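J.: To be precise about what I am sending: the file is called model30.pdb and holds PDB, C-alpha atoms.
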ATOM      1  CA  MET A  29      -2.982   8.234  29.372
ATOM      2  CA  ARG A  30      -6.517   9.336  28.405
ATOM      3  CA  ARG A  31      -7.356  11.083  25.146
ATOM      4  CA  LYS A  32     -10.619  12.064  23.478
ATOM      5  CA  ILE A  33     -11.685  11.122  19.987
ATOM      6  CA  ILE A  34     -11.841  14.330  17.977
ATOM      7  CA  ARG A  35     -13.177  15.259  14.551
ATOM      8  CA  VAL A  36     -10.561  15.516  11.785
ATOM      9  CA  GLY A  37     -12.496  16.572   8.685
ATOM     10  CA  SER A  38     -15.021  13.802   8.191
ATOM     11  CA  SER A  39     -12.873  11.302  10.104
ATOM     12  CA  LYS A  40     -12.200  10.634  13.758
ATOM     13  CA  GLY A  41      -8.771  11.112  15.271
ATOM     14  CA  VAL A  42      -6.693  11.168  18.433
ATOM     15  CA  LEU A  43      -3.972  13.737  19.039
ATOM     16  CA  LEU A  44      -0.657  12.291  20.150
ATOM     17  CA  PRO A  45       0.910  14.183  23.059
ATOM     18  CA  ARG A  46       4.369  15.675  22.546
ATOM     19  CA  GLU A  47       5.944  13.346  25.120
ATOM     20  CA  VAL A  48       4.727  10.340  23.147
ATOM     21  CA  THR A  49       5.996  11.551  19.753
ATOM     22  CA  LYS A  50       9.282  12.595  21.348
ATOM     23  CA  ALA A  51       9.760   9.274  23.123
ATOM     24  CA  MET A  52       8.950   7.382  19.926
ATOM     25  CA  ASN A  53      11.051   9.717  17.754
ATOM     26  CA  TRP A  54       8.012  10.302  15.526
ATOM     27  CA  GLU A  55       7.994  13.321  13.265
ATOM     28  CA  PHE A  56       5.608  14.548  10.581
ATOM     29  CA  GLY A  57       5.687  11.941   7.822
ATOM     30  CA  THR A  58       6.816   9.052  10.036
ATOM     31  CA  GLU A  59       4.942   5.906   9.038
ATOM     32  CA  VAL A  60       3.242   4.078  11.871
ATOM     33  CA  GLU A  61       1.254   0.869  11.964
ATOM     34  CA  LEU A  62      -2.081   0.537  13.725
ATOM     35  CA  THR A  63      -3.107  -2.972  14.755
ATOM     36  CA  ILE A  64      -6.425  -3.974  16.263
ATOM     37  CA  ASP A  65      -7.146  -6.866  18.590
ATOM     38  CA  GLU A  66     -10.907  -7.166  18.163
ATOM     39  CA  GLU A  67     -11.203  -9.845  20.818
ATOM     40  CA  LYS A  68      -9.562  -7.756  23.515
ATOM     41  CA  ARG A  69     -10.870  -4.479  21.993
ATOM     42  CA  ASP A  70      -7.317  -3.114  22.084
ATOM     43  CA  ILE A  71      -5.376  -1.134  19.552
ATOM     44  CA  MET A  72      -1.631  -0.742  19.261
ATOM     45  CA  LEU A  73       0.366   1.936  17.429
ATOM     46  CA  LYS A  74       3.913   0.992  16.435
ATOM     47  CA  THR A  75       6.708   2.374  14.300
ATOM     48  CA  LEU A  76       6.410   0.723  10.902
ATOM     49  CA  LYS A  77       9.186  -1.826  10.661
ATOM     50  CA  VAL A  78      10.948  -3.112   7.609
ATOM     51  CA  ASN A  79      11.801  -6.738   7.058
ATOM     52  CA  VAL A  80      15.464  -6.985   7.810
ATOM     53  CA  PRO A  81      17.369  -9.097   5.303
ATOM     54  CA  MET A  82      18.811 -12.289   6.723
ATOM     55  CA  GLU A  83      21.578 -12.703   4.182
ATOM     56  CA  TYR A  84      23.159  -9.425   3.330
ATOM     57  CA  GLU A  85      26.881  -9.887   3.101
ATOM     58  CA  ILE A  86      29.457  -8.859   0.541
ATOM     59  CA  ASP A  87      29.770 -12.552  -0.353
ATOM     60  CA  ASP A  88      26.216 -12.413  -1.638
ATOM     61  CA  LEU A  89      27.017 -10.180  -4.580
ATOM     62  CA  ARG A  90      25.351 -12.757  -6.775
ATOM     63  CA  GLN A  91      22.018 -11.446  -5.461
ATOM     64  CA  ILE A  92      22.763  -8.134  -7.167
ATOM     65  CA  GLU A  93      23.532  -9.886 -10.438
ATOM     66  CA  GLU A  94      20.216 -11.730 -10.179
ATOM     67  CA  VAL A  95      18.343  -8.479  -9.599
ATOM     68  CA  MET A  96      20.193  -6.932 -12.553
ATOM     69  CA  GLU A  97      19.058  -9.754 -14.836
ATOM     70  CA  ASP A  98      15.494  -9.612 -13.479
ATOM     71  CA  TYR A  99      15.268  -5.896 -14.283
ATOM     72  CA  ALA A 100      17.637  -5.735 -17.288
ATOM     73  CA  ASP A 101      15.019  -4.158 -19.577
ATOM     74  CA  LEU A 102      14.326  -1.446 -17.043
ATOM     75  CA  LEU A 103      17.979  -0.750 -16.276
ATOM     76  CA  GLU A 104      19.036  -0.525 -19.891
ATOM     77  CA  GLY A 105      18.647   3.035 -21.053
ATOM     78  CA  THR A 106      18.409   4.565 -17.591
ATOM     79  CA  ASP A 107      21.377   6.834 -18.299
ATOM     80  CA  ASP A 108      20.436   7.640 -21.925
TER      81      ASP A 108
ATOM     82  CA  MET B  15      36.866   6.601   6.745
ATOM     83  CA  THR B  16      35.602   3.548   8.639
ATOM     84  CA  GLU B  17      35.848  -0.107   7.619
ATOM     85  CA  GLU B  18      32.083  -0.080   7.105
ATOM     86  CA  GLN B  19      32.285   2.890   4.720
ATOM     87  CA  ILE B  20      35.091   1.243   2.769
ATOM     88  CA  ARG B  21      32.941  -1.882   2.323
ATOM     89  CA  GLN B  22      30.004   0.282   1.201
ATOM     90  CA  ILE B  23      32.194   2.094  -1.353
ATOM     91  CA  LYS B  24      33.479  -1.250  -2.631
ATOM     92  CA  LEU B  25      29.930  -2.491  -3.101
ATOM     93  CA  ILE B  26      28.694   0.632  -4.913
ATOM     94  CA  THR B  27      31.793   0.599  -7.130
ATOM     95  CA  TYR B  28      31.228  -3.083  -7.866
ATOM     96  CA  VAL B  29      27.627  -2.339  -8.871
ATOM     97  CA  ASN B  30      28.822   0.441 -11.177
ATOM     98  CA  TRP B  31      31.355  -1.910 -12.758
ATOM     99  CA  LEU B  32      28.620  -4.534 -13.145
ATOM    100  CA  VAL B  33      26.233  -2.230 -15.015
ATOM    101  CA  THR B  34      28.978  -0.775 -17.225
ATOM    102  CA  GLU B  35      29.974  -4.315 -18.200
ATOM    103  CA  ARG B  36      26.385  -5.415 -18.805
ATOM    104  CA  PHE B  37      25.020  -2.312 -20.532
ATOM    105  CA  SER B  38      28.259  -0.732 -21.816
ATOM    106  CA  GLY B  39      29.508   2.525 -20.370
ATOM    107  CA  ASP B  40      32.612   4.402 -19.294
ATOM    108  CA  GLN B  41      34.234   2.684 -16.343
ATOM    109  CA  GLY B  42      35.994   3.975 -13.271
ATOM    110  CA  ILE B  43      35.698   6.426 -10.421
ATOM    111  CA  ARG B  44      35.602  10.034 -11.619
ATOM    112  CA  ASP B  45      35.491  11.762  -8.239
ATOM    113  CA  MET B  46      36.528   9.899  -5.078
ATOM    114  CA  GLN B  47      35.402  12.750  -2.829
ATOM    115  CA  ALA B  48      31.894  12.577  -4.322
ATOM    116  CA  LEU B  49      31.862   8.836  -3.615
ATOM    117  CA  ASN B  50      32.989   9.425  -0.025
ATOM    118  CA  THR B  51      30.069  11.838   0.406
ATOM    119  CA  VAL B  52      27.621   9.110  -0.650
ATOM    120  CA  VAL B  53      28.619   6.943   2.338
ATOM    121  CA  SER B  54      29.158   9.778   4.833
ATOM    122  CA  LEU B  55      25.839  10.734   6.350
ATOM    123  CA  PRO B  56      25.375  13.599   8.804
ATOM    124  CA  GLY B  57      26.260  12.975  12.438
ATOM    125  CA  ASP B  58      29.038  10.482  11.654
ATOM    126  CA  GLY B  59      26.444   8.215  10.029
ATOM    127  CA  THR B  60      27.141   5.829   7.178
ATOM    128  CA  LEU B  61      25.041   4.257   4.458
ATOM    129  CA  SER B  62      24.354   1.447   6.866
ATOM    130  CA  CYS B  63      21.332   0.049   4.980
ATOM    131  CA  ILE B  64      23.927  -1.693   2.825
ATOM    132  CA  LEU B  65      26.591  -3.814   4.464
ATOM    133  CA  GLY B  66      26.171  -2.252   7.853
ATOM    134  CA  GLU B  67      23.689  -2.442  10.673
ATOM    135  CA  ARG B  68      20.300  -3.930   9.878
ATOM    136  CA  LEU B  69      17.913  -0.995   9.849
ATOM    137  CA  SER B  70      14.590  -1.857  11.347
ATOM    138  CA  ASN B  71      12.369   1.084  10.516
ATOM    139  CA  ARG B  72      11.351   2.617   7.258
ATOM    140  CA  LYS B  73      12.030   6.213   8.202
ATOM    141  CA  ASP B  74      15.757   5.527   8.635
ATOM    142  CA  LEU B  75      15.871   3.371   5.522
ATOM    143  CA  TYR B  76      14.205   6.003   3.319
ATOM    144  CA  ALA B  77      16.396   8.766   4.784
ATOM    145  CA  GLN B  78      19.502   6.776   3.862
ATOM    146  CA  LEU B  79      18.195   5.923   0.392
ATOM    147  CA  GLY B  80      17.317   9.599  -0.162
ATOM    148  CA  TRP B  81      20.881  10.542   0.711
ATOM    149  CA  PHE B  82      22.341   7.805  -1.502
ATOM    150  CA  VAL B  83      20.208   8.702  -4.539
ATOM    151  CA  TYR B  84      20.777  12.439  -4.232
ATOM    152  CA  TYR B  85      24.544  12.353  -3.799
ATOM    153  CA  ILE B  86      25.212   9.884  -6.601
ATOM    154  CA  ILE B  87      23.023  11.760  -9.080
ATOM    155  CA  GLU B  88      24.251  15.177  -7.974
ATOM    156  CA  GLY B  89      27.926  14.260  -7.508
ATOM    157  CA  GLU B  90      28.286  11.775 -10.406
ATOM    158  CA  PRO B  91      31.187   9.919  -8.762
ATOM    159  CA  PHE B  92      31.579   7.509 -11.701
ATOM    160  CA  TYR B  93      32.514   8.206 -15.316
ATOM    161  CA  GLY B  94      29.377   6.462 -16.537
ATOM    162  CA  LYS B  95      26.075   4.814 -15.611
ATOM    163  CA  ASN B  96      25.582   6.739 -12.368
ATOM    164  CA  ARG B  97      21.773   6.585 -12.562
ATOM    165  CA  THR B  98      21.781   2.919 -13.587
ATOM    166  CA  THR B  99      23.991   2.213 -10.570
ATOM    167  CA  VAL B 100      21.480   4.040  -8.366
ATOM    168  CA  LEU B 101      18.544   2.145  -9.830
ATOM    169  CA  LEU B 102      20.123  -1.298  -9.457
ATOM    170  CA  MET B 103      21.197  -0.576  -5.880
ATOM    171  CA  LEU B 104      17.677   0.618  -5.040
ATOM    172  CA  LEU B 105      15.980  -2.403  -6.592
ATOM    173  CA  TRP B 106      18.332  -4.682  -4.670
ATOM    174  CA  VAL B 107      17.909  -2.934  -1.329
ATOM    175  CA  LEU B 108      14.112  -2.654  -1.612
ATOM    176  CA  LYS B 109      13.822  -6.259  -2.721
ATOM    177  CA  TYR B 110      15.974  -7.575   0.095
ATOM    178  CA  TYR B 111      14.160  -5.462   2.663
ATOM    179  CA  ARG B 112      11.043  -7.156   1.245
ATOM    180  CA  LEU B 113       9.236  -3.928   0.515
ATOM    181  CA  GLU B 114       6.519  -3.663  -2.103
ATOM    182  CA  PHE B 115       7.357  -1.245  -4.893
ATOM    183  CA  ASP B 116       6.617  -0.474  -8.526
ATOM    184  CA  ALA B 117       9.937  -0.866 -10.361
ATOM    185  CA  ASP B 118       8.707   1.143 -13.386
ATOM    186  CA  GLN B 119       7.777   4.070 -11.148
ATOM    187  CA  ILE B 120      11.168   3.977  -9.448
ATOM    188  CA  ALA B 121      12.950   3.811 -12.807
ATOM    189  CA  ASP B 122      11.005   6.837 -14.094
ATOM    190  CA  PHE B 123      11.744   8.719 -10.892
ATOM    191  CA  ILE B 124      15.500   8.033 -11.124
ATOM    192  CA  LYS B 125      15.654   8.830 -14.842
ATOM    193  CA  THR B 126      13.966  12.201 -14.479
ATOM    194  CA  LEU B 127      15.245  13.284 -11.059
ATOM    195  CA  ASP B 128      16.687  16.796 -11.146
ATOM    196  CA  PRO B 129      19.054  17.305  -8.169
ATOM    197  CA  LEU B 130      18.670  21.070  -8.528
ATOM    198  CA  LYS B 131      14.962  20.741  -7.754
ATOM    199  CA  HIS B 132      14.864  17.811  -5.324
ATOM    200  CA  GLY B 133      17.009  17.327  -2.246
ATOM    201  CA  ASN B 134      17.670  14.162  -0.279
ATOM    202  CA  SER B 135      14.704  14.802   2.039
ATOM    203  CA  ASP B 136      12.330  15.120  -0.940
ATOM    204  CA  ILE B 137      13.628  11.824  -2.281
ATOM    205  CA  ALA B 138      13.187  10.116   1.105
ATOM    206  CA  LEU B 139       9.603  11.405   1.181
ATOM    207  CA  TRP B 140       9.017  10.044  -2.312
ATOM    208  CA  PHE B 141      10.064   6.563  -1.156
ATOM    209  CA  SER B 142       7.777   6.896   1.804
ATOM    210  CA  GLY B 143       4.848   7.492  -0.539
ATOM    211  CA  HIS B 144       5.746   4.847  -3.140
ATOM    212  CA  CYS B 145       6.927   1.808  -1.162
ATOM    213  CA  ARG B 146       4.893  -0.431   1.100
TER     214      ARG B 146
END
Can you give me the file's structure in the form of structure tokens?

T.:
Amino acid sequence: MRRKIIRVGSSKGVLLPREVTKAMNWEFGTEVELTIDEEKRDIMLKTLKVNVPMEYEIDDLRQIEEVMEDYADLLEGTDD
Amino acid sequence: MTEEQIRQIKLITYVNWLVTERFSGDQGIRDMQALNTVVSLPGDGTLSCILGERLSNRKDLYAQLGWFVYYIIEGEPFYGKNRTTVLLMLLWVLKYYRLEFDADQIADFIKTLDPLKHGNSDIALWFSGHCR
């Protein structure tokens, strides 16, 4: 797919075709990540991922207690 | 109500109990229907960012957090410490998704959030602009 670099204000940009945004389920406000491979002179645009927790089970409720103690000063008074 | 939603309700209720014990506050569920709404997202969705599927993109995560924050603050399902419950859940989720965030900014946002002025989509957008 070929696209031209266009002017966007004082920056340069590329318009994403509808079929691309539709296929990627990208809407206005979707965060994407641009990576550059300088050696190959390639760029890649990907949906921004989150780091998925490894341990995230109901047995790990102690994690919540730890977070509560870490942020106790901040949490206290939140509902005042 | 699915097994997953029941587990999510148990977790949120546990967090509310935890903060009422730690910081003193009225305990118990005030409105079960309001609590059901918190874990019942549109299109038969659930609050799967906690105790459900592992979300892998930020858009879905922020959309779910926006829903969670809005419906707890608007519906006040617990007798006390609704906003503290929201804040602790958020800090836990964001920390365990290893996102960068400013806890003070999030606390201010939760403390001052007016559900009459901001909907769940506005809240999701706020997360998008304040977490990395």

J.: Please compute the atom CA of Leu108 of chain B-atom CA of Tyr93 of chain B distance, one decimal, in Å.

T.: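 Those two atoms sit 25.4 Å apart.
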
J.: Applied to this file, what does the PyMOL selection byres ((chain A and resi 95) around 10) return in terms of residues, put as a ChimeraX atom specification?

T.: /A:90-94,96-100 /B:102-103,105-107,109

J.: Write out as a list of chain:residue names the residues lying within 12 Å of Asp118 of chain B, counting all atoms listed in the file and excluding same-chain residues fewer than 2 positions away.

T.: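 Once the adjacent positions are removed, what remains is A:Tyr99, A:Ala100, A:Asp101, A:Leu102, A:Leu103, A:Thr106, B:Leu101, B:Leu105, B:Phe115, B:Asp116, B:Ile120, B:Ala121, B:Asp122, B:Phe123, B:Ile124, B:Lys125, B:His144.
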
J.: Take the PyMOL selection byres ((chain B and resi 45) around 10), apply it to the structure above, and return the hits as a VMD selection string.

T.: chain B and resid 42 to 44 46 to 50 89 to 93

J.: Closest to Asp40 of chain B among B:Leu113, B:Trp140, B:Gln119, B:Lys95, using all atoms listed in the file?

T.: B:Lys95

J.: Between B:Met15, B:Ala138, B:Cys145, B:Val100, single out the one closest to Glu114 of chain B, counting all atoms listed in the file.

T.: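 When distances to Glu114 of chain B are compared using all atoms listed in the file, the smallest one comes from B:Cys145.
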
J.: Could you tell me how far atom CA of Glu59 of chain A sits from atom CA of Leu75 of chain B, in Å to one decimal place?

T.: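 Distance reported for this atom pair: 11.8 Å.
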
J.: I need the residue nearest chain A from this list: B:Ser38, B:Ser62, B:Thr126, B:Thr98. Use all atoms listed in the file for the distance.

T.: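 Smallest distance to chain A is found for B:Thr98.
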
J.: If you apply the PyMOL selection byres ((chain A and resi 60) around 7) to this file, what residues do you get, as a ChimeraX atom specification?

T.: /A:58-59,61-62,73-76
